[in-house]
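Structure file data_29.txt with compact mmCIF, C-alpha atoms:
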```txt
# COMPACT_ATOMS: atom_id res chain seq x y z
CA MET A 1 -3.79 7.19 -49.48
CA LYS A 2 -6.06 10.01 -48.36
CA ARG A 3 -7.50 7.83 -45.61
CA SER A 4 -4.04 6.82 -44.34
CA MET A 5 -2.97 10.47 -44.33
CA THR A 6 -6.08 11.38 -42.35
CA CYS A 7 -5.35 8.62 -39.85
CA ALA A 8 -1.75 9.80 -39.51
CA ILE A 9 -2.90 13.37 -38.83
CA LEU A 10 -5.43 12.11 -36.29
CA LEU A 11 -2.79 9.96 -34.58
CA THR A 12 -0.42 12.92 -34.40
CA TRP A 13 -3.17 15.09 -32.93
CA LEU A 14 -4.05 12.46 -30.33
CA LEU A 15 -0.41 12.08 -29.33
CA ALA A 16 -0.04 15.83 -28.98
CA ALA A 17 -3.23 16.02 -26.93
CA SER A 18 -1.97 13.29 -24.60
CA LEU A 19 1.24 15.22 -24.01
CA VAL A 20 -0.27 18.59 -23.09
CA SER A 21 2.56 20.52 -21.52
CA ALA A 22 2.58 21.18 -17.80
CA GLN A 23 2.66 24.99 -17.82
CA GLY A 24 5.49 25.08 -20.31
CA LEU A 25 7.44 21.96 -19.36
CA PRO A 26 8.56 20.38 -22.65
CA THR A 27 7.04 17.07 -23.70
CA ALA A 28 8.32 13.83 -25.20
CA THR A 29 7.05 10.39 -26.06
CA PRO A 30 7.77 7.86 -23.31
CA GLU A 31 10.37 6.03 -25.42
CA GLU A 32 12.29 9.27 -26.05
CA VAL A 33 13.02 9.51 -22.31
CA GLY A 34 13.55 5.83 -21.53
CA LEU A 35 10.01 4.91 -20.50
CA SER A 36 7.71 2.24 -21.91
CA SER A 37 4.41 3.36 -23.48
CA SER A 38 2.86 -0.05 -22.94
CA ARG A 39 3.87 -0.12 -19.29
CA LEU A 40 2.55 3.40 -18.73
CA ALA A 41 -0.69 2.20 -20.32
CA ARG A 42 -0.87 -0.28 -17.42
CA VAL A 43 -0.84 2.72 -15.06
CA THR A 44 -3.84 4.16 -16.86
CA GLU A 45 -5.73 0.87 -16.72
CA LEU A 46 -4.90 0.41 -13.05
CA VAL A 47 -6.23 3.86 -12.16
CA LYS A 48 -9.37 3.29 -14.22
CA GLY A 49 -9.89 0.03 -12.36
CA GLU A 50 -9.46 1.63 -8.96
CA ILE A 51 -11.92 4.37 -9.91
CA ALA A 52 -14.40 1.71 -11.07
CA LYS A 53 -14.04 0.02 -7.66
CA GLY A 54 -15.01 3.28 -5.97
CA ARG A 55 -11.71 3.89 -4.20
CA TYR A 56 -11.64 7.53 -5.33
CA PRO A 57 -13.66 9.63 -7.81
CA GLY A 58 -10.82 10.50 -10.19
CA ALA A 59 -7.15 11.31 -10.49
CA VAL A 60 -4.60 13.33 -12.41
CA ALA A 61 -1.09 11.94 -12.85
CA LEU A 62 2.07 13.26 -14.48
CA VAL A 63 5.45 11.63 -15.13
CA ALA A 64 8.37 13.70 -16.37
CA ARG A 65 11.82 12.29 -17.11
CA ARG A 66 14.99 14.05 -18.22
CA GLY A 67 13.08 17.33 -18.00
CA LYS A 68 10.24 16.31 -20.32
CA VAL A 69 6.64 15.31 -19.64
CA ALA A 70 6.02 11.81 -21.01
CA TYR A 71 2.74 10.97 -19.28
CA PHE A 72 -0.06 13.35 -18.25
CA GLU A 73 -3.54 11.91 -17.74
CA ALA A 74 -6.82 12.97 -16.16
CA LEU A 75 -9.12 10.06 -15.34
CA GLY A 76 -12.51 9.61 -13.69
CA GLN A 77 -14.59 12.41 -12.25
CA ARG A 78 -13.56 15.78 -10.87
CA ASP A 79 -16.87 16.07 -9.02
CA PRO A 80 -18.82 12.86 -8.33
CA GLN A 81 -21.93 14.83 -7.34
CA SER A 82 -22.23 16.68 -10.67
CA ARG A 83 -20.47 13.87 -12.61
CA ALA A 84 -18.14 16.46 -14.12
CA PRO A 85 -15.17 14.67 -15.72
CA MET A 86 -11.69 15.07 -14.31
CA THR A 87 -9.54 17.63 -16.13
CA LYS A 88 -5.80 18.17 -16.18
CA ASP A 89 -6.24 21.65 -14.71
CA ALA A 90 -8.28 20.41 -11.73
CA ILE A 91 -7.29 22.05 -8.44
CA PHE A 92 -6.64 19.79 -5.45
CA ARG A 93 -6.33 20.41 -1.74
CA LEU A 94 -2.67 19.63 -1.17
CA TYR A 95 -2.67 19.22 2.61
CA SER A 96 0.87 18.15 3.60
CA MET A 97 2.27 18.69 0.12
CA THR A 98 2.21 22.31 1.30
CA LYS A 99 5.19 21.51 3.53
CA PRO A 100 7.82 21.48 0.75
CA PHE A 101 6.71 24.99 -0.30
CA THR A 102 7.23 26.27 3.23
CA SER A 103 10.56 24.46 3.53
CA VAL A 104 11.86 25.96 0.28
CA ALA A 105 10.72 29.40 1.47
CA ALA A 106 12.69 28.95 4.70
CA MET A 107 15.81 27.92 2.80
CA MET A 108 15.46 31.00 0.61
CA LEU A 109 15.66 33.07 3.80
CA VAL A 110 18.72 31.04 4.80
CA GLU A 111 20.31 31.93 1.47
CA ASP A 112 19.30 35.56 2.04
CA GLY A 113 21.31 35.47 5.28
CA ARG A 114 18.23 36.26 7.36
CA ILE A 115 18.00 33.02 9.36
CA LEU A 116 20.33 30.17 10.33
CA LEU A 117 19.26 26.57 10.73
CA ASN A 118 20.83 26.25 14.18
CA GLU A 119 19.09 29.31 15.61
CA PRO A 120 16.49 28.80 18.34
CA VAL A 121 12.91 29.24 17.18
CA SER A 122 12.32 31.55 20.15
CA LYS A 123 14.56 34.17 18.50
CA TYR A 124 11.63 34.83 16.18
CA LEU A 125 8.75 33.47 18.28
CA PRO A 126 9.61 34.39 21.91
CA GLN A 127 6.52 32.62 23.24
CA LEU A 128 8.19 29.27 22.47
CA LYS A 129 11.08 29.81 24.87
CA ASN A 130 11.42 27.81 28.13
CA LEU A 131 9.09 25.01 27.08
CA GLN A 132 8.62 21.85 29.09
CA VAL A 133 8.64 18.22 28.01
CA SER A 134 6.03 15.64 29.05
CA VAL A 135 7.77 12.47 30.23
CA PRO A 136 5.80 9.22 30.77
CA ARG A 137 6.49 7.33 33.99
CA ALA A 138 5.12 3.90 34.81
CA ASP A 139 4.33 2.90 38.38
CA PRO A 140 6.58 -0.16 39.03
CA GLN A 141 3.84 -1.96 40.96
CA THR A 142 0.64 -1.11 39.07
CA GLY A 143 2.11 -0.33 35.66
CA ARG A 144 -0.09 2.74 35.49
CA VAL A 145 1.42 5.51 33.36
CA SER A 146 1.49 9.10 34.54
CA TYR A 147 3.20 12.13 33.01
CA ALA A 148 5.71 14.47 34.59
CA LEU A 149 6.90 17.79 33.19
CA VAL A 150 10.62 18.48 32.94
CA PRO A 151 12.44 21.44 31.38
CA ALA A 152 13.56 21.12 27.77
CA GLU A 153 17.29 20.38 27.72
CA ARG A 154 17.73 22.72 24.78
CA GLU A 155 15.54 24.90 22.63
CA MET A 156 14.07 23.70 19.36
CA THR A 157 15.88 25.10 16.31
CA ILE A 158 14.86 26.01 12.78
CA GLN A 159 16.44 22.74 11.64
CA ASP A 160 14.31 20.86 14.18
CA LEU A 161 11.19 22.40 12.65
CA MET A 162 12.24 21.41 9.14
CA ARG A 163 13.08 17.80 10.01
CA HIS A 164 10.26 17.27 12.60
CA THR A 165 12.53 16.81 15.61
CA SER A 166 11.18 19.81 17.52
CA GLY A 167 9.18 17.84 20.09
CA LEU A 168 5.94 19.19 18.63
CA VAL A 169 3.34 16.69 17.38
CA TYR A 170 0.01 16.46 15.61
CA GLY A 171 -2.62 15.92 18.30
CA VAL A 172 -4.61 13.56 16.07
CA PHE A 173 -1.61 11.35 15.27
CA THR A 174 0.55 11.18 18.37
CA SER A 175 0.51 8.17 20.68
CA HIS A 176 1.74 10.33 23.57
CA THR A 177 -1.43 10.42 25.66
CA GLY A 178 -0.34 13.27 27.92
CA VAL A 179 0.46 15.59 25.03
CA LYS A 180 -2.60 14.50 23.04
CA GLU A 181 -4.80 15.49 25.99
CA ALA A 182 -2.98 18.80 26.40
CA TYR A 183 -3.44 19.66 22.70
CA ALA A 184 -7.16 18.86 22.93
CA LYS A 185 -7.59 20.93 26.10
CA GLU A 186 -5.84 24.00 24.67
CA GLY A 187 -7.33 23.67 21.20
CA VAL A 188 -3.99 23.27 19.42
CA THR A 189 -4.60 22.85 15.71
CA TRP A 190 -3.50 24.08 12.29
CA ASP A 191 -6.84 25.38 11.03
CA GLY A 192 -9.52 27.61 12.48
CA VAL A 193 -7.05 29.71 14.49
CA THR A 194 -5.12 32.89 13.79
CA PRO A 195 -1.31 32.77 13.65
CA ALA A 196 -1.10 34.44 17.07
CA GLU A 197 -3.60 32.02 18.60
CA GLN A 198 -1.73 29.04 17.21
CA ILE A 199 1.57 30.06 18.78
CA GLU A 200 -0.04 31.14 22.07
CA ARG A 201 -1.70 27.75 22.43
CA LEU A 202 1.46 25.84 21.54
CA ALA A 203 3.31 27.81 24.20
CA ARG A 204 0.90 26.43 26.81
CA VAL A 205 1.39 22.74 26.03
CA PRO A 206 4.39 20.48 26.68
CA LEU A 207 6.62 18.92 24.06
CA ALA A 208 6.37 15.18 23.46
CA HIS A 209 10.15 14.71 23.18
CA GLN A 210 13.31 16.54 24.07
CA PRO A 211 14.19 18.65 21.00
CA GLY A 212 16.52 16.86 18.61
CA THR A 213 15.99 13.39 20.10
CA ALA A 214 13.04 11.95 18.15
CA TRP A 215 11.32 12.28 14.77
CA GLU A 216 7.57 12.71 15.04
CA TYR A 217 5.37 14.18 12.33
CA SER A 218 4.04 17.44 13.63
CA LEU A 219 2.90 21.04 13.47
CA SER A 220 6.55 21.98 13.02
CA THR A 221 6.07 23.22 9.46
CA ASP A 222 3.16 25.42 10.54
CA VAL A 223 5.47 26.98 13.11
CA LEU A 224 8.13 27.33 10.40
CA GLY A 225 5.56 29.35 8.45
CA ARG A 226 5.12 31.63 11.46
CA VAL A 227 8.91 32.12 11.53
CA ILE A 228 8.88 33.08 7.84
CA GLU A 229 6.15 35.60 8.55
CA ALA A 230 8.05 37.07 11.50
CA VAL A 231 11.25 37.44 9.47
CA SER A 232 9.74 38.64 6.19
CA GLY A 233 6.94 40.85 7.50
CA ALA A 234 4.57 39.25 4.98
CA THR A 235 1.94 36.56 5.35
CA LEU A 236 3.16 33.14 4.32
CA GLY A 237 0.82 33.21 1.34
CA GLN A 238 2.25 36.54 0.16
CA PHE A 239 5.81 35.31 0.56
CA LEU A 240 5.17 32.09 -1.35
CA GLN A 241 3.36 33.95 -4.12
CA GLU A 242 6.10 36.55 -4.59
CA ARG A 243 9.14 34.31 -4.13
CA ILE A 244 8.01 30.90 -5.44
CA PHE A 245 4.66 30.66 -7.22
CA ALA A 246 4.94 33.73 -9.47
CA PRO A 247 8.60 33.19 -10.51
CA LEU A 248 7.95 29.50 -11.27
CA LYS A 249 4.74 30.28 -13.19
CA MET A 250 2.46 28.32 -10.85
CA PRO A 251 -0.74 30.33 -11.40
CA ASP A 252 -3.15 27.92 -9.72
CA THR A 253 -1.35 27.36 -6.41
CA ALA A 254 -2.39 29.39 -3.36
CA PHE A 255 -4.01 29.20 0.07
CA LEU A 256 -7.27 30.53 -1.38
CA VAL A 257 -8.97 29.37 -4.57
CA PRO A 258 -10.74 32.45 -6.00
CA ASN A 259 -14.32 32.40 -7.26
CA GLY A 260 -13.22 32.26 -10.88
CA LYS A 261 -11.37 28.99 -10.28
CA ALA A 262 -13.55 27.32 -7.63
CA ALA A 263 -15.45 25.34 -10.29
CA ARG A 264 -12.17 23.51 -11.05
CA LEU A 265 -11.83 22.13 -7.52
CA ALA A 266 -11.61 18.34 -7.37
CA GLN A 267 -14.20 17.02 -4.96
CA PRO A 268 -14.36 13.80 -2.92
CA PHE A 269 -17.28 11.43 -2.60
CA ALA A 270 -20.00 12.82 -0.34
CA LYS A 271 -19.46 9.81 1.96
CA ASP A 272 -16.38 7.70 2.54
CA PRO A 273 -16.87 4.35 0.72
CA VAL A 274 -15.47 2.37 3.67
CA SER A 275 -16.87 4.06 6.78
CA GLY A 276 -19.98 5.60 5.25
CA GLU A 277 -19.20 8.79 7.15
CA PRO A 278 -19.54 12.19 5.44
CA VAL A 279 -16.28 13.44 3.94
CA ALA A 280 -15.30 16.92 5.07
CA LEU A 281 -12.16 18.45 3.56
CA LEU A 282 -10.65 21.88 4.01
CA ASP A 283 -12.73 24.55 2.25
CA VAL A 284 -10.04 26.30 0.25
CA ALA A 285 -12.64 28.48 -1.52
CA VAL A 286 -13.09 30.66 1.58
CA PRO A 287 -10.36 32.65 3.38
CA GLN A 288 -8.75 30.78 6.27
CA LYS A 289 -7.71 32.37 9.54
CA ASN A 290 -4.07 31.56 8.84
CA ASP A 291 -1.88 30.40 5.98
CA ALA A 292 -1.10 26.93 7.31
CA GLY A 293 2.41 26.13 6.11
CA GLY A 294 1.95 22.44 6.83
CA ALA A 295 -1.39 21.76 5.19
CA GLY A 296 -3.38 24.71 3.86
CA SER A 297 -2.66 25.17 0.15
CA ALA A 298 -4.31 24.01 -3.07
CA GLY A 299 -2.91 23.59 -6.56
CA THR A 300 -2.73 21.62 -9.79
CA VAL A 301 -0.59 18.73 -10.92
CA ALA A 302 1.01 20.93 -13.58
CA ASP A 303 2.01 23.56 -11.01
CA TYR A 304 3.48 20.98 -8.65
CA ALA A 305 5.40 19.40 -11.50
CA ARG A 306 7.12 22.74 -12.15
CA PHE A 307 8.01 23.06 -8.47
CA SER A 308 9.35 19.49 -8.40
CA GLN A 309 11.33 19.97 -11.60
CA MET A 310 12.92 23.06 -10.05
CA LEU A 311 14.16 20.89 -7.19
CA LEU A 312 15.43 18.19 -9.56
CA ASN A 313 17.28 20.87 -11.54
CA GLY A 314 19.14 21.94 -8.41
CA GLY A 315 17.03 24.97 -7.59
CA GLN A 316 16.23 26.51 -10.96
CA LEU A 317 13.73 26.21 -13.82
CA ASP A 318 13.53 28.10 -17.10
CA ARG A 319 16.50 30.27 -16.13
CA VAL A 320 14.76 31.30 -12.89
CA ARG A 321 16.81 30.29 -9.84
CA LEU A 322 15.12 29.98 -6.46
CA LEU A 323 17.84 28.10 -4.57
CA GLY A 324 21.48 27.23 -4.98
CA ARG A 325 22.44 23.71 -6.00
CA ALA A 326 24.17 23.03 -2.67
CA THR A 327 21.06 24.12 -0.76
CA VAL A 328 18.84 21.65 -2.63
CA ALA A 329 21.42 18.93 -1.98
CA GLN A 330 21.30 19.74 1.72
CA MET A 331 17.50 19.70 1.79
CA SER A 332 17.32 16.34 0.02
CA SER A 333 19.84 14.62 2.32
CA ASP A 334 18.92 12.70 5.45
CA HIS A 335 19.05 14.89 8.58
CA LEU A 336 18.04 12.23 11.09
CA GLY A 337 21.09 9.98 11.31
CA ASP A 338 20.55 7.88 14.42
CA ILE A 339 17.71 10.02 15.79
CA ARG A 340 14.88 7.77 16.92
CA VAL A 341 11.78 7.57 14.70
CA ALA A 342 8.78 7.82 17.02
CA SER A 343 6.01 7.70 14.42
CA PRO A 344 4.99 5.02 11.88
CA ILE A 345 4.22 7.70 9.29
CA LEU A 346 7.82 7.72 8.03
CA PRO A 347 8.14 4.84 5.50
CA ARG A 348 10.65 2.04 6.10
CA GLY A 349 14.00 2.72 4.50
CA TYR A 350 13.54 6.49 4.58
CA GLY A 351 15.10 9.24 6.62
CA PHE A 352 13.96 12.82 6.58
CA GLY A 353 15.56 15.86 5.02
CA LEU A 354 14.53 19.49 5.28
CA GLY A 355 10.93 19.21 4.17
CA PHE A 356 10.42 15.69 2.81
CA ALA A 357 11.28 12.02 3.30
CA VAL A 358 14.57 10.86 1.75
CA ARG A 359 15.15 7.28 0.62
CA LYS A 360 18.37 6.04 2.24
CA GLU A 361 18.87 2.91 0.17
CA THR A 362 17.34 1.18 -2.83
CA GLY A 363 16.17 -1.75 -0.71
CA VAL A 364 14.20 -2.06 2.56
CA ASN A 365 11.01 -0.32 1.38
CA TRP A 366 8.68 -2.64 -0.53
CA VAL A 367 8.04 -0.16 -3.36
CA THR A 368 10.69 0.04 -6.08
CA GLY A 369 12.78 3.21 -5.92
CA SER A 370 16.26 4.68 -5.89
CA ALA A 371 18.51 5.69 -3.04
CA GLY A 372 18.43 9.49 -2.89
CA GLU A 373 14.82 9.82 -4.05
CA TYR A 374 12.78 12.25 -1.96
CA ARG A 375 9.03 12.49 -1.62
CA TRP A 376 5.97 13.32 0.42
CA GLY A 377 2.19 13.22 0.18
CA GLY A 378 -0.98 14.90 1.33
CA ALA A 379 -3.65 13.39 3.57
CA ALA A 380 -6.46 13.69 1.01
CA GLY A 381 -4.71 11.69 -1.71
CA THR A 382 -1.90 13.72 -3.26
CA ALA A 383 1.75 12.66 -3.64
CA PHE A 384 4.97 13.53 -5.43
CA TRP A 385 8.46 12.18 -5.72
CA VAL A 386 11.72 13.36 -7.23
CA ASP A 387 14.30 10.76 -8.26
CA PRO A 388 17.69 12.36 -9.06
CA LYS A 389 19.22 9.06 -10.16
CA GLU A 390 16.50 8.41 -12.73
CA GLN A 391 16.06 12.13 -13.50
CA MET A 392 12.36 11.69 -12.88
CA VAL A 393 9.56 13.79 -11.39
CA VAL A 394 6.15 12.25 -10.66
CA VAL A 395 3.01 13.96 -9.34
CA TRP A 396 -0.19 12.13 -8.39
CA MET A 397 -3.41 13.73 -7.18
CA THR A 398 -6.76 12.36 -6.06
CA GLN A 399 -9.23 13.84 -3.61
CA ALA A 400 -10.72 11.61 -0.96
CA GLN A 401 -11.18 11.04 2.75
CA PRO A 402 -7.83 11.17 4.60
CA GLY A 403 -6.75 7.79 5.91
CA PRO A 404 -4.47 4.76 5.39
CA ARG A 405 -6.10 3.86 2.06
CA ARG A 406 -4.55 6.96 0.53
CA GLY A 407 -1.11 5.50 1.21
CA GLU A 408 -2.11 2.25 -0.46
CA ASP A 409 -3.40 4.11 -3.52
CA ARG A 410 -0.15 6.06 -3.84
CA ASP A 411 2.08 3.02 -3.41
CA LEU A 412 0.21 0.99 -6.01
CA PHE A 413 0.53 3.86 -8.47
CA ARG A 414 4.22 4.31 -7.60
CA GLN A 415 5.02 0.67 -8.20
CA LEU A 416 3.55 0.68 -11.71
CA VAL A 417 5.27 3.94 -12.68
CA GLN A 418 8.61 2.55 -11.51
CA ALA A 419 8.02 -0.53 -13.66
CA ALA A 420 7.80 1.70 -16.74
CA LEU A 421 11.53 2.57 -16.52
CA VAL A 422 13.27 0.66 -19.29
CA ASP A 423 16.33 2.75 -20.19
```

Let me see whether you can do it: turn the structure in this file into structure tokens.
Amino acid sequence: MKRSMTCAILLTWLLAASLVSAQGLPTATPEEVGLSSSRLARVTELVKGEIAKGRYPGAVALVARRGKVAYFEALGQRDPQSRAPMTKDAIFRLYSMTKPFTSVAAMMLVEDGRILLNEPVSKYLPQLKNLQVSVPRADPQTGRVSYALVPAEREMTIQDLMRHTSGLVYGVFTSHTGVKEAYAKEGVTWDGVTPAEQIERLARVPLAHQPGTAWEYSLSTDVLGRVIEAVSGATLGQFLQERIFAPLKMPDTAFLVPNGKAARLAQPFAKDPVSGEPVALLDVAVPQKNDAGGAGSAGTVADYARFSQMLLNGGQLDRVRLLGRATVAQMSSDHLGDIRVASPILPRGYGFGLGFAVRKETGVNWVTGSAGEYRWGGAAGTAFWVDPKEQMVVVWMTQAQPGPRRGEDRDLFRQLVQAALVD
């Protein structure tokens, strides 16, 4: 009897430990929120297997449904050099999972009546007025491609920045040779430059597309951050801290990881397992020259879960409202329509809203999901998705060399989590 009571107490303690709350989000057993414990156990075994194969050092994953955390695991190593184990409070470089923060901040200014989505970006950043567009032209006899500059038919708008239809690109990703060369020549980038330098350099290069005519993943969200700074008078980091991170109780999310928290940073392998090349990620433990709204922040799974749950709740969490319900609905709706997709980065079956990809239908994409789900990821291994139909929030974080394998890791994880839905 005494032994069985001891076992029961131990089992209760283990269950409680496995459901450590994400900064105050309530917890539940998987079955209480319509998930399968045994199927979620498959997720754990899968991740352990991938870690054993050397795909990434470790990972932290969280699944919340109907407002309650049902799965929260830290697996593998936080630092493969020191062999320190992964912890649930590990801090990850978020890269492009910074973009939803910046997008929410912009929509808060929309709700404040300080900006409008259809306003030209040049209203706030005059240097970006009267831009030109680089147009490829093939010689009919030789087939050789050259590039001509033509005036932009209209200015890029705030909405264009948020949905990546501005004509801006990422120099490392674009297939537009003329613009790629121009970005390289002028040193257009998101890191290592001041806000003023970034805009000045962008003003000297052509657009890859006429604004509003094509979706291409880009520096648009960095420019959106510069707009927020121009309107608010604060740095982007200050604005996010005061208007989003502090109200939502996200203590470990910022553009700079202070000395007291730097030991919690998740680290990649010293060398990429595939290429053998040294892995160099953004050093978020030292001040950057600018708060890069598209890629510069760091944070924990627990913090991002609170942010995601706020979106799922229609703009509020724990009686703190950041956005109106209609605003979140607008952000999480497709804003592309029949606009051409000029980059393979956008998954099949998805459009793009104001800050993240939006699944247009349950089919088409090979990974199971629901129409209306919205999601995005970061280059170094992070990802999140919000599924309004299933009332589910999922956050996944690893830290590894940016590249196509990160997408494979995320999709494999996504598929197994989706399979755990049973009610």

Do you know which residues are at most 12 Å from Gly237 in chain A counting all atoms listed in the file, after dropping those on the same chain fewer than 2 positions away, and could you put them as a VMD selection string? chain A and resid 98 101 to 102 105 225 to 226 228 to 229 232 to 235 239 to 246 253 to 256 287 to 293 296 to 298

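Around the coordinate (-12.6, 8.1, -5.2), residues that reach within 8 Å when counting all atoms listed in the file are A:Ile51, A:Gly54, A:Arg55, A:Tyr56, A:Pro57, A:Gly58, A:Pro268, A:Phe269, A:Thr398, A:Gln399, A:Ala400.
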
Only C-alpha atoms, please: the residues just picked out, written as a PDB file, keeping the file's coordinate frame.
```
ATOM      1  CA  ILE A  51     -11.920   4.370  -9.910  1.00  0.00           C
ATOM      2  CA  GLY A  54     -15.010   3.280  -5.970  1.00  0.00           C
ATOM      3  CA  ARG A  55     -11.710   3.890  -4.200  1.00  0.00           C
ATOM      4  CA  TYR A  56     -11.640   7.530  -5.330  1.00  0.00           C
ATOM      5  CA  PRO A  57     -13.660   9.630  -7.810  1.00  0.00           C
ATOM      6  CA  GLY A  58     -10.820  10.500 -10.190  1.00  0.00           C
ATOM      7  CA  PRO A 268     -14.360  13.800  -2.920  1.00  0.00           C
ATOM      8  CA  PHE A 269     -17.280  11.430  -2.600  1.00  0.00           C
ATOM      9  CA  THR A 398      -6.760  12.360  -6.060  1.00  0.00           C
ATOM     10  CA  GLN A 399      -9.230  13.840  -3.610  1.00  0.00           C
ATOM     11  CA  ALA A 400     -10.720  11.610  -0.960  1.00  0.00           C
TER      12      ALA A 400
END
```

A:Gly381, A:Gly178, A:Gly171, A:Gly403: which is nearest Arg137 in chain A, counting only C-alpha atoms?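 Of all the options, A:Gly178 lies closest to Arg137 in chain A.
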
Quick one: residues within 10 Å of Met162 in chain A, all atoms listed in the file, excluding same-chain residues fewer than 2 positions away - as a list in words?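 Listed by chain and then number, they are Lys99, Pro100, Thr102, Ser103, Val104, Ala106, Met107, Leu117, Thr157, Ile158, Gln159, Asp160, His164, Thr165, Ser166, Ser220, Thr221, Val223, Leu224, Met331, His335, Phe352, Gly353, Leu354, Gly355 and Phe356 of chain A.
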
Pick from A:Val257, A:Leu322, A:Leu236, A:Leu219: nearest to Val286 in chain A, with only C-alpha atoms counted?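 Smallest distance to Val286 in chain A is found for A:Val257.
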
For a test of reading the model, state the distance in Å between CA of Ala295 in chain A and CA of Ala371 in chain A, rounded to one decimal. 26.9 Å

Can you sort out the box for range 24-42 of chain A, edges along x, y and z, all listed atoms in, 6 Å on every side, with centre and edge lengths in Å to one decimal, as JSON?
```
{"center_x": 6.3, "center_y": 12.4, "center_z": -21.7, "size_x": 26.4, "size_y": 37.4, "size_z": 20.6}
```

Calculate how many Å separate CA of Leu40 in chain A from CA of Val417 in chain A, rounding to one decimal.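 Value for the CA of Leu40 in chain A-CA of Val417 in chain A distance: 6.7 Å.
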
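We find CA of Leu161 in chain A and CA of Ser218 in chain A to be spaced 8.8 Å apart.
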
Can you list, as a PyMOL selection string, every protein, DNA or RNA residue that comes within 9 Å of Tyr147 in chain A when you count only C-alpha atoms, leaving out same-chain residues fewer than 5 positions away? chain A and resi 134-138+177-178
